[in-house]
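S.K.: Dropping in my_file20.txt, which is compact mmCIF, C-alpha atoms and all ligand atoms:
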# COMPACT_ATOMS: atom_id res chain seq x y z
CA MET A 1 -37.94 4.12 49.04
CA SER A 2 -39.13 1.42 51.43
CA SER A 3 -42.60 1.31 52.95
CA SER A 4 -41.17 2.59 56.26
CA LEU A 5 -40.19 6.23 56.51
CA ARG A 6 -38.25 5.83 59.78
CA GLY A 7 -35.05 7.84 59.56
CA HIS A 8 -35.91 9.25 56.12
CA ARG A 9 -34.65 12.75 55.49
CA VAL A 10 -37.48 14.90 54.15
CA VAL A 11 -37.62 18.57 53.14
CA VAL A 12 -41.08 20.19 53.33
CA THR A 13 -41.73 23.71 52.00
CA GLY A 14 -44.74 25.68 53.21
CA ALA A 15 -44.28 23.93 56.54
CA SER A 16 -45.36 26.85 58.75
CA SER A 17 -49.08 26.38 58.07
CA GLY A 18 -51.89 24.21 56.73
CA ILE A 19 -51.09 21.15 54.63
CA GLY A 20 -47.30 21.56 54.94
CA LEU A 21 -47.61 21.64 58.72
CA ALA A 22 -50.01 18.67 58.85
CA THR A 23 -47.67 16.75 56.52
CA SER A 24 -44.64 17.56 58.68
CA ARG A 25 -46.49 16.30 61.76
CA ARG A 26 -47.55 13.12 59.97
CA LEU A 27 -44.03 12.48 58.68
CA ALA A 28 -42.62 13.02 62.17
CA ARG A 29 -45.06 10.39 63.47
CA GLU A 30 -43.65 8.02 60.82
CA GLY A 31 -40.14 8.62 62.21
CA ALA A 32 -38.86 10.86 59.38
CA ARG A 33 -36.28 13.58 60.11
CA LEU A 34 -37.28 16.91 58.65
CA ALA A 35 -36.08 20.21 57.23
CA LEU A 36 -38.88 22.79 57.25
CA MET A 37 -38.99 25.81 54.92
CA ALA A 38 -41.29 28.87 54.75
CA ARG A 39 -40.82 32.59 55.42
CA SER A 40 -42.23 32.98 58.92
CA PRO A 41 -39.63 32.12 61.62
CA ASP A 42 -42.38 31.98 64.28
CA GLY A 43 -44.56 29.69 62.18
CA LEU A 44 -41.59 27.41 61.53
CA ALA A 45 -40.66 27.37 65.21
CA ALA A 46 -44.23 26.27 66.03
CA ALA A 47 -43.98 23.58 63.33
CA ALA A 48 -40.67 22.34 64.78
CA ARG A 49 -42.33 22.08 68.21
CA ALA A 50 -45.17 20.08 66.67
CA VAL A 51 -42.61 17.75 65.06
CA ALA A 52 -40.85 17.34 68.43
CA ASP A 53 -44.21 16.53 70.06
CA GLU A 54 -44.51 13.66 67.57
CA GLY A 55 -41.10 12.36 68.66
CA SER A 56 -38.88 13.52 65.79
CA THR A 57 -36.55 16.42 64.97
CA ALA A 58 -36.64 19.28 62.45
CA VAL A 59 -34.15 21.76 61.07
CA VAL A 60 -35.83 25.13 60.53
CA LEU A 61 -34.85 27.11 57.44
CA PRO A 62 -36.67 30.44 56.93
CA VAL A 63 -36.60 31.29 53.21
CA ASP A 64 -38.71 32.92 50.51
CA VAL A 65 -39.11 30.34 47.72
CA THR A 66 -38.95 33.03 45.03
CA ASP A 67 -35.38 33.90 46.10
CA ARG A 68 -33.46 31.30 44.09
CA PRO A 69 -29.97 31.78 45.60
CA ALA A 70 -31.48 31.73 49.10
CA VAL A 71 -33.40 28.52 48.32
CA GLU A 72 -30.23 26.90 46.97
CA ALA A 73 -28.37 27.85 50.15
CA ALA A 74 -31.24 26.56 52.32
CA MET A 75 -31.36 23.25 50.41
CA ALA A 76 -27.60 22.84 50.80
CA ARG A 77 -27.98 23.44 54.54
CA ALA A 78 -30.86 20.96 54.72
CA ALA A 79 -28.70 18.31 53.01
CA ALA A 80 -25.74 19.06 55.29
CA GLU A 81 -27.81 19.00 58.50
CA LEU A 82 -29.78 15.88 57.59
CA GLY A 83 -26.83 14.09 55.94
CA GLY A 84 -28.64 13.96 52.55
CA ILE A 85 -32.23 14.21 51.28
CA ASP A 86 -34.52 11.24 50.60
CA ALA A 87 -37.66 13.20 49.77
CA LEU A 88 -38.86 16.68 48.86
CA VAL A 89 -42.43 17.87 49.43
CA PRO A 90 -42.87 21.26 47.71
CA CYS A 91 -46.01 22.65 49.30
CA ALA A 92 -45.49 26.44 49.48
CA ALA A 93 -47.96 28.54 47.47
CA ALA A 94 -49.76 31.86 47.78
CA LEU A 95 -53.20 32.97 46.65
CA ALA A 96 -54.22 36.19 44.89
CA TYR A 97 -58.03 36.18 45.03
CA GLY A 98 -60.18 38.19 42.63
CA ALA A 99 -61.26 38.56 39.02
CA PHE A 100 -58.41 38.97 36.54
CA THR A 101 -59.78 42.40 35.63
CA ASP A 102 -59.58 43.53 39.29
CA LEU A 103 -56.18 42.03 40.23
CA PRO A 104 -53.19 44.39 40.25
CA ALA A 105 -50.58 43.11 37.78
CA GLU A 106 -48.00 42.90 40.58
CA ASP A 107 -50.27 40.59 42.60
CA PHE A 108 -50.91 38.41 39.56
CA ASP A 109 -47.18 38.05 38.88
CA ARG A 110 -46.31 37.42 42.52
CA CYS A 111 -48.95 34.67 42.93
CA HIS A 112 -47.64 32.92 39.82
CA ASP A 113 -44.03 33.38 40.96
CA VAL A 114 -44.51 31.91 44.44
CA THR A 115 -46.73 29.06 43.31
CA PHE A 116 -44.95 27.98 40.11
CA ARG A 117 -41.40 29.33 40.12
CA GLY A 118 -41.09 28.82 43.90
CA ALA A 119 -41.73 25.10 43.42
CA VAL A 120 -39.24 24.88 40.55
CA ASN A 121 -36.66 26.77 42.63
CA THR A 122 -36.86 24.14 45.37
CA ILE A 123 -36.97 21.15 43.02
CA ARG A 124 -33.82 22.11 41.07
CA PRO A 125 -31.28 21.98 43.94
CA ALA A 126 -33.09 19.08 45.68
CA LEU A 127 -32.87 16.89 42.56
CA ARG A 128 -29.11 16.49 42.91
CA GLU A 129 -29.63 15.09 46.41
CA LEU A 130 -32.56 12.91 45.37
CA GLU A 131 -30.46 11.42 42.53
CA ARG A 132 -27.85 10.42 45.12
CA SER A 133 -30.36 8.84 47.51
CA GLY A 134 -32.73 7.39 44.86
CA GLY A 135 -35.37 9.57 46.48
CA THR A 136 -38.91 10.78 45.84
CA LEU A 137 -40.48 14.11 44.97
CA VAL A 138 -44.10 14.52 46.07
CA ALA A 139 -45.47 17.91 45.03
CA VAL A 140 -48.67 19.23 46.57
CA VAL A 141 -50.35 20.55 43.41
CA SER A 142 -54.18 20.88 43.18
CA VAL A 143 -57.26 19.80 41.28
CA ALA A 144 -56.98 23.43 40.06
CA SER A 145 -54.16 22.09 37.84
CA LYS A 146 -56.88 20.29 35.84
CA VAL A 147 -60.12 22.22 36.36
CA GLY A 148 -60.06 26.04 36.30
CA MET A 149 -61.69 28.01 39.14
CA PRO A 150 -63.01 31.57 38.65
CA LEU A 151 -61.35 34.29 40.79
CA TYR A 152 -58.08 32.30 40.94
CA SER A 153 -56.56 33.06 37.52
CA PRO A 154 -52.83 33.39 38.44
CA TYR A 155 -53.04 30.47 40.90
CA VAL A 156 -54.76 28.19 38.38
CA ALA A 157 -52.25 29.19 35.69
CA ALA A 158 -49.39 28.38 38.08
CA LYS A 159 -50.86 25.00 39.04
CA PHE A 160 -51.59 24.02 35.40
CA GLY A 161 -47.98 24.99 34.65
CA LEU A 162 -46.63 23.05 37.61
CA ARG A 163 -48.44 19.87 36.59
CA GLY A 164 -47.11 20.21 33.03
CA PHE A 165 -43.60 20.81 34.31
CA LEU A 166 -43.70 17.79 36.63
CA ASP A 167 -45.06 15.52 33.87
CA VAL A 168 -42.14 16.51 31.64
CA LEU A 169 -39.64 16.17 34.48
CA ARG A 170 -40.88 12.63 35.22
CA MET A 171 -40.45 11.58 31.58
CA GLU A 172 -37.00 13.16 31.26
CA LEU A 173 -35.75 11.54 34.46
CA ARG A 174 -37.06 8.15 33.39
CA GLN A 175 -35.43 8.50 29.97
CA GLN A 176 -32.13 9.36 31.72
CA GLY A 177 -32.40 6.24 33.88
CA SER A 178 -32.81 8.30 37.04
CA PRO A 179 -34.04 6.52 40.17
CA VAL A 180 -36.00 9.61 41.28
CA GLU A 181 -39.79 9.20 41.51
CA VAL A 182 -42.04 12.19 40.67
CA CYS A 183 -45.50 12.19 42.27
CA MET A 184 -48.28 14.76 42.53
CA VAL A 185 -51.01 15.06 45.15
CA HIS A 186 -54.10 16.94 43.96
CA PRO A 187 -56.39 18.12 46.77
CA GLY A 188 -59.83 19.68 46.36
CA PHE A 189 -60.72 22.47 48.81
CA VAL A 190 -58.99 21.99 52.18
CA GLY A 191 -59.81 23.80 55.45
CA THR A 192 -56.44 25.53 55.98
CA PRO A 193 -55.56 29.18 56.73
CA PHE A 194 -54.91 29.66 52.95
CA PHE A 195 -58.19 31.55 52.48
CA ASP A 196 -57.76 33.64 55.66
CA HIS A 197 -54.29 34.74 54.54
CA ALA A 198 -54.95 35.33 50.82
CA THR A 199 -54.23 38.67 49.19
CA SER A 200 -57.62 39.85 47.98
CA ALA A 201 -58.44 42.28 45.16
CA ASP A 202 -61.71 43.45 46.77
CA GLY A 203 -60.37 43.47 50.36
CA THR A 204 -62.64 40.64 51.58
CA ARG A 205 -61.60 37.11 52.52
CA PRO A 206 -62.68 34.24 50.29
CA THR A 207 -64.09 31.05 51.73
CA PRO A 208 -63.36 27.57 50.39
CA LEU A 209 -66.12 25.91 48.36
CA ARG A 210 -67.82 22.94 50.01
CA PRO A 211 -67.02 20.10 50.42
CA VAL A 212 -63.97 21.15 52.42
CA TYR A 213 -61.52 18.42 53.48
CA ARG A 214 -59.03 18.08 56.35
CA PRO A 215 -55.33 18.90 55.83
CA GLU A 216 -54.59 15.52 57.46
CA ASP A 217 -56.17 13.75 54.45
CA VAL A 218 -53.66 15.48 52.18
CA ALA A 219 -50.82 14.59 54.57
CA ASP A 220 -51.92 10.94 54.37
CA ALA A 221 -51.83 11.12 50.56
CA VAL A 222 -48.29 12.56 50.61
CA VAL A 223 -47.16 9.75 52.91
CA ALA A 224 -48.89 7.17 50.66
CA CYS A 225 -46.93 8.51 47.66
CA LEU A 226 -43.66 8.42 49.59
CA LYS A 227 -44.25 4.80 50.58
CA HIS A 228 -45.74 3.64 47.27
CA PRO A 229 -44.91 6.14 44.52
CA ARG A 230 -47.48 6.81 41.79
CA ARG A 231 -47.93 9.61 39.29
CA GLU A 232 -50.94 11.28 40.88
CA LEU A 233 -53.18 10.93 43.90
CA HIS A 234 -56.40 12.97 44.25
CA VAL A 235 -57.79 13.97 47.64
CA GLY A 236 -61.56 14.39 48.02
CA GLY A 237 -64.55 12.99 46.13
CA SER A 238 -65.20 16.48 44.75
CA THR A 239 -62.00 16.19 42.70
CA ALA A 240 -63.37 13.10 40.94
CA VAL A 241 -66.74 14.78 40.29
CA ALA A 242 -65.05 17.94 38.97
CA ARG A 243 -62.75 16.02 36.63
CA ILE A 244 -65.49 13.75 35.27
CA ALA A 245 -67.96 16.63 34.82
CA THR A 246 -65.35 18.74 33.06
CA SER A 247 -64.38 16.01 30.61
CA LEU A 248 -67.92 14.68 29.94
CA ALA A 249 -70.12 17.78 30.37
CA ARG A 250 -67.88 20.81 30.05
CA PRO A 251 -70.64 23.43 29.44
CA LEU A 252 -72.53 22.30 32.55
CA SER A 253 -69.33 22.19 34.62
CA GLU A 254 -68.41 25.70 33.46
CA LEU A 255 -71.89 26.99 34.30
CA VAL A 256 -71.64 25.57 37.84
CA ARG A 257 -68.17 27.03 38.37
CA ALA A 258 -69.13 30.44 36.96
CA THR A 259 -72.22 30.70 39.21
CA TYR A 260 -71.93 28.62 42.42
CA GLY A 261 -68.12 28.73 42.06
CA VAL A 262 -68.14 32.54 42.30
CA ALA A 263 -71.01 33.10 44.77
CA GLY A 264 -69.93 30.22 47.02
CA GLN A 265 -66.53 31.80 47.67
CA ARG A 266 -68.02 34.98 49.17
CA ARG A 267 -68.24 34.97 52.96
CA ARG A 268 -71.56 36.19 54.36
CA ASP A 269 -69.75 38.25 57.02
CA ARG A 270 -67.59 39.98 54.37
CA ALA A 271 -64.63 39.56 56.79
CA PRO A 272 -61.71 41.76 55.75
CA ALA A 273 -58.69 40.14 54.12
CA PRO A 274 -55.26 40.85 55.59
CA ALA A 275 -53.40 43.60 53.75
CA PRO A 276 -51.10 43.18 51.92
CA GLY A 277 -51.77 39.46 52.55
CA MET A 278 -49.73 36.30 52.05
CA LEU A 279 -48.29 37.25 48.66
CA TRP A 280 -46.20 39.94 50.28
CA GLU A 281 -45.76 39.06 53.97
CA PRO A 282 -45.03 35.91 56.00
CA SER A 283 -48.36 34.33 56.88
CA GLY A 284 -47.66 30.95 58.51
CA ASP A 285 -48.60 31.01 62.16
CA GLY A 286 -48.21 27.34 63.03
CA ARG A 287 -51.86 26.41 62.48
CA ALA A 288 -52.98 23.62 60.18
CA ASP A 289 -56.70 24.52 60.30
CA GLY A 290 -58.27 27.68 58.93
CA SER A 291 -61.45 29.47 59.97
CA VAL A 292 -63.46 26.99 57.88
CA ALA A 293 -62.82 23.48 59.20
CA GLY A 294 -62.45 20.54 56.85
CA ARG A 295 -64.02 17.12 57.16
CA ARG A 296 -62.63 13.67 56.53
CA SER A 297 -62.88 12.53 52.90
CA LEU A 298 -64.56 9.13 52.81
CA TRP A 299 -63.85 8.83 49.07
CA THR A 300 -60.13 9.24 49.74
CA ALA A 301 -60.20 6.69 52.55
CA ALA A 302 -62.03 4.22 50.25
CA SER A 303 -59.56 4.82 47.38
CA ARG A 304 -56.65 4.20 49.75
CA LEU A 305 -58.25 0.94 50.83
CA ALA A 306 -58.77 -0.11 47.20
CA ALA A 307 -55.09 0.60 46.47
CA ALA A 308 -53.87 -1.48 49.44
CA PRO A 309 -53.35 -4.78 47.53
CA LEU A 310 -51.18 -3.07 44.89
CA ASP A 311 -49.31 -1.21 47.63
CA ALA A 312 -48.55 -4.54 49.29
CA LEU A 313 -47.16 -5.98 46.01
CA ASP A 314 -45.13 -2.83 45.56
CA THR A 315 -42.73 -3.98 48.28
CA LEU A 316 -41.53 -6.90 46.07
CA PRO A 317 -38.46 -5.76 44.07
CA GLY A 318 -39.41 -7.12 40.58
CA VAL A 319 -43.03 -6.05 40.85
CA ARG A 320 -42.04 -2.62 42.01
CA ASP A 321 -40.31 -1.83 38.69
CA VAL A 322 -43.40 -2.86 36.71
CA LEU A 323 -45.72 -0.86 38.98
CA ARG A 324 -43.43 2.13 38.68
CA ARG A 325 -44.23 2.23 34.94
CA VAL A 326 -47.98 1.80 35.22
CA ARG A 327 -49.01 3.69 38.37
N1 LIG A 401 -56.24 24.79 50.94
C1 LIG A 401 -56.71 24.31 49.80
O1 LIG A 401 -57.93 24.33 49.54
C2 LIG A 401 -55.77 23.71 48.78
C3 LIG A 401 -56.32 22.98 47.74
C4 LIG A 401 -55.49 22.43 46.78
C5 LIG A 401 -54.11 22.61 46.88
N2 LIG A 401 -53.61 23.32 47.92
C6 LIG A 401 -52.15 23.50 47.95
O2 LIG A 401 -51.66 23.06 49.20
C7 LIG A 401 -50.44 23.74 49.46
C8 LIG A 401 -50.48 24.28 50.89
O3 LIG A 401 -51.54 25.21 51.00
P1 LIG A 401 -52.37 25.38 52.35
O4 LIG A 401 -53.78 25.25 52.02
O5 LIG A 401 -51.78 24.55 53.39
O6 LIG A 401 -52.12 26.95 52.63
P2 LIG A 401 -51.41 27.72 53.84
O7 LIG A 401 -51.87 27.16 55.13
O8 LIG A 401 -51.63 29.15 53.59
O9 LIG A 401 -49.88 27.35 53.64
C9 LIG A 401 -49.09 27.98 52.64
C10 LIG A 401 -47.64 27.80 53.03
O10 LIG A 401 -46.80 28.36 52.02
C11 LIG A 401 -45.85 29.22 52.64
N3 LIG A 401 -45.47 30.28 51.73
C12 LIG A 401 -46.27 31.19 51.11
N4 LIG A 401 -45.54 32.03 50.38
C13 LIG A 401 -44.24 31.65 50.51
C14 LIG A 401 -43.02 32.15 50.01
N5 LIG A 401 -42.95 33.21 49.18
N6 LIG A 401 -41.87 31.51 50.36
C15 LIG A 401 -41.89 30.44 51.21
N7 LIG A 401 -43.03 29.93 51.70
C16 LIG A 401 -44.19 30.54 51.37
C17 LIG A 401 -46.56 29.77 53.88
O11 LIG A 401 -45.66 30.16 54.90
P3 LIG A 401 -45.10 31.66 55.11
O12 LIG A 401 -46.22 32.61 54.84
O13 LIG A 401 -44.65 31.62 56.53
O14 LIG A 401 -43.97 31.82 54.14
C18 LIG A 401 -47.30 28.51 54.33
O15 LIG A 401 -46.43 27.71 55.10
C19 LIG A 401 -50.30 24.81 48.41
O16 LIG A 401 -49.43 24.36 47.39
C20 LIG A 401 -51.71 24.95 47.86
O17 LIG A 401 -51.71 25.38 46.53
C21 LIG A 401 -54.38 23.88 48.88
Translate the structure described by the file into structure tokens.

M.R.:
Amino acid sequence: MSSSLRGHRVVVTGASSGIGLATSRRLAREGARLALMARSPDGLAAAARAVADEGSTAVVLPVDVTDRPAVEAAMARAAAELGGIDALVPCAAALAYGAFTDLPAEDFDRCHDVTFRGAVNTIRPALRELERSGGTLVAVVSVASKVGMPLYSPYVAAKFGLRGFLDVLRMELRQQGSPVEVCMVHPGFVGTPFFDHATSADGTRPTPLRPVYRPEDVADAVVACLKHPRRELHVGGSTAVARIATSLARPLSELVRATYGVAGQRRRDRAPAPAPGMLWEPSGDGRADGSVAGRRSLWTAASRLAAAPLDALDTLPGVRDVLRRVR
């Protein structure tokens, strides 16, 4: 993949809302041509309009990522309409909020299915196309794939599983001599409609824990991985603090998560959650921002700046192969 994305053919799942929508807009600004997947036809239509406003085009493919045959058909259509696929950004996920002991088993299973199996369902058929184009997979995972968060048990399990799966996939592809790059973007809390749309065990909406970042910062990280592939990119200084605290001072980190982590997710207004919520109904309404707005991550901007010299070298063919092994 070159450092320009002009004309690149990119499939984004979860494109009707939040990070997927912000990423689609950002990719359109870079000149990429897009195929957008999610369940909500209205949300996707709004996303396609946003892409057009940025001067590019999008094919809209309404699909539930847990429906494997439907995803395979949608991916085949994306490849046919775009003339191939250079990149896949699996971003779709759904949140079941509440203590494990309060969550209905069906909600637990559905959250895990959408978030883990839904990503695998999209990656499998896209890989054939990425092999052909020598393309890149950039999955939007989460810092919750490394640091557990109370009241998110099926989501955290799915994200831990997804990170493990992608690590194995990267090694297998490399061993097979595949040209496909496998990257992960790990955001902290982001101010998207995710929390407004979540299915909630106690009927109230959760709120993201501060600091809350902008979906555009995650979109920038996805684009950075597409231009200069690397294993993982974290978004938000809080992700660094959480990872360091959890590896160096686990008891303290667990105490903070079990106290502030639980209380901080309760909204003061006890606003009702939608029923049945995003696990079971289309939720994307073409908005990138949720009711809690995010702020720019200075840590992420500084890390991007620090990576700039290596990114510049990455455009040289010989160096690129070496960097591919170490980044
Ligand atoms: N917000 C955060 O704090 C945060 C932090 C770390 C990681 N992330 C990750 O970022 C990604 C995007 O989340 P977001 O914050 O942008 O949330 P969001 O605004 O709620 O977007 C979720 C997207 O997934 C789609 N989706 C949900 N269930 C689906 C299904 N069964 N089939 C197809 N599409 C489905 C939704 O569209 P439809 O409802 O129309 O299908 C929507 O487009 C997720 O992978 C999430 O885990 C978010």

S.K.: Pick from A:Asp64, A:Asp107, A:Glu129, A:Glu172: nearest to A:Ala78, with only C-alpha atoms counted?

M.R.: A:Glu129

S.K.: Rounded to one decimal, what separation in Å do you get between atom C9 of ligand LIG 401 (chain A) and atom CA of A:Ala94?

M.R.: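 Calculated distance between atom C9 of ligand LIG 401 (chain A) and atom CA of A:Ala94 is 6.3 Å.
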
S.K.: Could you please extract the residues within 6 Å of ligand LIG 401 (chain A), counting only C-alpha atoms and all ligand atoms, and hand them back as a compact mmCIF listing (two decimals) with C-alpha atoms, in the frame of the given file?

M.R.:
# COMPACT_ATOMS: atom_id res chain seq x y z
CA GLY A 14 -44.74 25.68 53.21
CA ALA A 15 -44.28 23.93 56.54
CA SER A 16 -45.36 26.85 58.75
CA SER A 17 -49.08 26.38 58.07
CA GLY A 18 -51.89 24.21 56.73
CA ILE A 19 -51.09 21.15 54.63
CA GLY A 20 -47.30 21.56 54.94
CA ALA A 38 -41.29 28.87 54.75
CA ARG A 39 -40.82 32.59 55.42
CA SER A 40 -42.23 32.98 58.92
CA GLY A 43 -44.56 29.69 62.18
CA VAL A 63 -36.60 31.29 53.21
CA ASP A 64 -38.71 32.92 50.51
CA VAL A 65 -39.11 30.34 47.72
CA THR A 66 -38.95 33.03 45.03
CA CYS A 91 -46.01 22.65 49.30
CA ALA A 92 -45.49 26.44 49.48
CA ALA A 93 -47.96 28.54 47.47
CA ALA A 94 -49.76 31.86 47.78
CA VAL A 114 -44.51 31.91 44.44
CA VAL A 140 -48.67 19.23 46.57
CA VAL A 141 -50.35 20.55 43.41
CA SER A 142 -54.18 20.88 43.18
CA PRO A 187 -56.39 18.12 46.77
CA GLY A 188 -59.83 19.68 46.36
CA PHE A 189 -60.72 22.47 48.81
CA VAL A 190 -58.99 21.99 52.18
CA GLY A 191 -59.81 23.80 55.45
CA THR A 192 -56.44 25.53 55.98
CA PRO A 193 -55.56 29.18 56.73
CA PHE A 194 -54.91 29.66 52.95
CA MET A 278 -49.73 36.30 52.05
CA PRO A 282 -45.03 35.91 56.00
CA SER A 283 -48.36 34.33 56.88
CA GLY A 284 -47.66 30.95 58.51

S.K.: Just checking: using all atoms listed in the file, which residue out of A:Arg110, A:Arg117, A:Arg243, A:Arg9 ends up closest to A:Ala79?

M.R.: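 Residue with the minimum atom-to-atom distance to A:Ala79: A:Arg9.
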
S.K.: For A:Cys111, which of A:Ala275, A:Leu61, A:Val143, A:Val156 is the closest residue, counting only C-alpha atoms?

M.R.: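 When distances to A:Cys111 are compared using only C-alpha atoms, the smallest one comes from A:Val156.
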
S.K.: I need the residue nearest A:Ala48 from this list: A:Gly286, A:Ala73, A:Pro179, A:Thr300. Use all atoms listed in the file for the distance.

M.R.: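 Of all the options, A:Gly286 lies closest to A:Ala48.
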
S.K.: Using all atoms listed in the file, pick whichever of A:Ala221, A:Met171, A:Val60, A:Ala201 has the shortest atom-to-atom distance to A:Thr101.

M.R.: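 Ranking A:Ala221, A:Met171, A:Val60, A:Ala201 by distance to A:Thr101, first place goes to A:Ala201.
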
S.K.: Which value, in Å to one decimal, gives the distance between atom CA of A:Thr204 and atom CA of A:Lys146?

M.R.: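 Between atom CA of A:Thr204 and atom CA of A:Lys146 the gap is 26.4 Å.
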
S.K.: With distances taken over only C-alpha atoms, which residue among A:Ile244, A:Val168, A:Ala293, A:Arg250 lies nearest A:Leu209?

M.R.: A:Ala293

S.K.: Can you tell me, as a VMD selection string, what residues are no more than 7 Å from A:Ala58 when counting only C-alpha atoms, ignoring any on the same chain fewer than 3 positions away?

M.R.: chain A and resid 33 to 36 48 51

S.K.: Given 3 Å of margin on each side, can you work out the centre and size in Å (one decimal) of an axis-aligned box holding every listed atom of stretch 255-274 of chain A, as AutoDock Vina command-line options?

M.R.:
--center_x -63.7 --center_y 33.7 --center_z 45.7 --size_x 23.0 --size_y 22.2 --size_z 28.7

S.K.: Would you pick out the contacts of A:Ala139 at 9 Å or less, using all atoms listed in the file, so that residues sharing its chain but fewer than 4 positions from it are not included, and give the list as a VMD selection string?

M.R.: chain A and resid 88 to 91 119 166 182 to 186 222

S.K.: Just want the 10 Å neighbourhood of A:Arg296, counted on only C-alpha atoms, with same-chain residues fewer than 6 positions away dropped. Output as JSON, numbers by chain.

M.R.: {"A": [211, 212, 213, 214, 215, 216, 217, 236]}

S.K.: Could you state the separation of atom CA of A:Gly135 and atom CA of A:His112 in Å, given to one decimal place?

M.R.: 27.2 Å

S.K.: Quick one: which stretch 170-233 of chain A residues come within 7 Å of stretch 306-327 of chain A, and what is the nearest atom pair for each with the distance in Å to one decimal, counting only C-alpha atoms, rows ordered by chain and ascending number, as CSV?

M.R.:
residue,atom,partner,partner_atom,distance
A:His228,CA,A:Asp311,CA,6.0
A:Arg230,CA,A:Arg327,CA,4.9
A:Arg231,CA,A:Arg327,CA,6.1

S.K.: For the residues in the current selection, export C-alpha atoms as an mmCIF file, in the coordinates of the input.

M.R.:
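Done, and the output landed in selection17.cif:
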data_model
loop_
_atom_site.group_PDB
_atom_site.id
_atom_site.type_symbol
_atom_site.label_atom_id
_atom_site.label_comp_id
_atom_site.auth_asym_id
_atom_site.auth_seq_id
_atom_site.Cartn_x
_atom_site.Cartn_y
_atom_site.Cartn_z
ATOM 1 C CA HIS A 228 -45.740 3.640 47.270
ATOM 2 C CA ARG A 230 -47.480 6.810 41.790
ATOM 3 C CA ARG A 231 -47.930 9.610 39.290
#

S.K.: If you count only C-alpha atoms, which residues fall within 7 Å of A:Asp86, apart from same-chain ones fewer than 2 positions away, as a list of chain:residue names?

M.R.: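 Those residues are A:His8, A:Arg9, A:Val10, A:Gly84, A:Leu130, A:Ser133, A:Gly135, A:Thr136.
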
S.K.: What lies within 8 Å of A:Arg25 using all atoms listed in the file, ignoring chain neighbours under 3 positions off, as a list in words?

M.R.: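 Using all atoms listed in the file, the neighbours found are Leu21, Ala22, Ala28, Arg29, Ala47, Ala50, Val51 and Glu54 of chain A.
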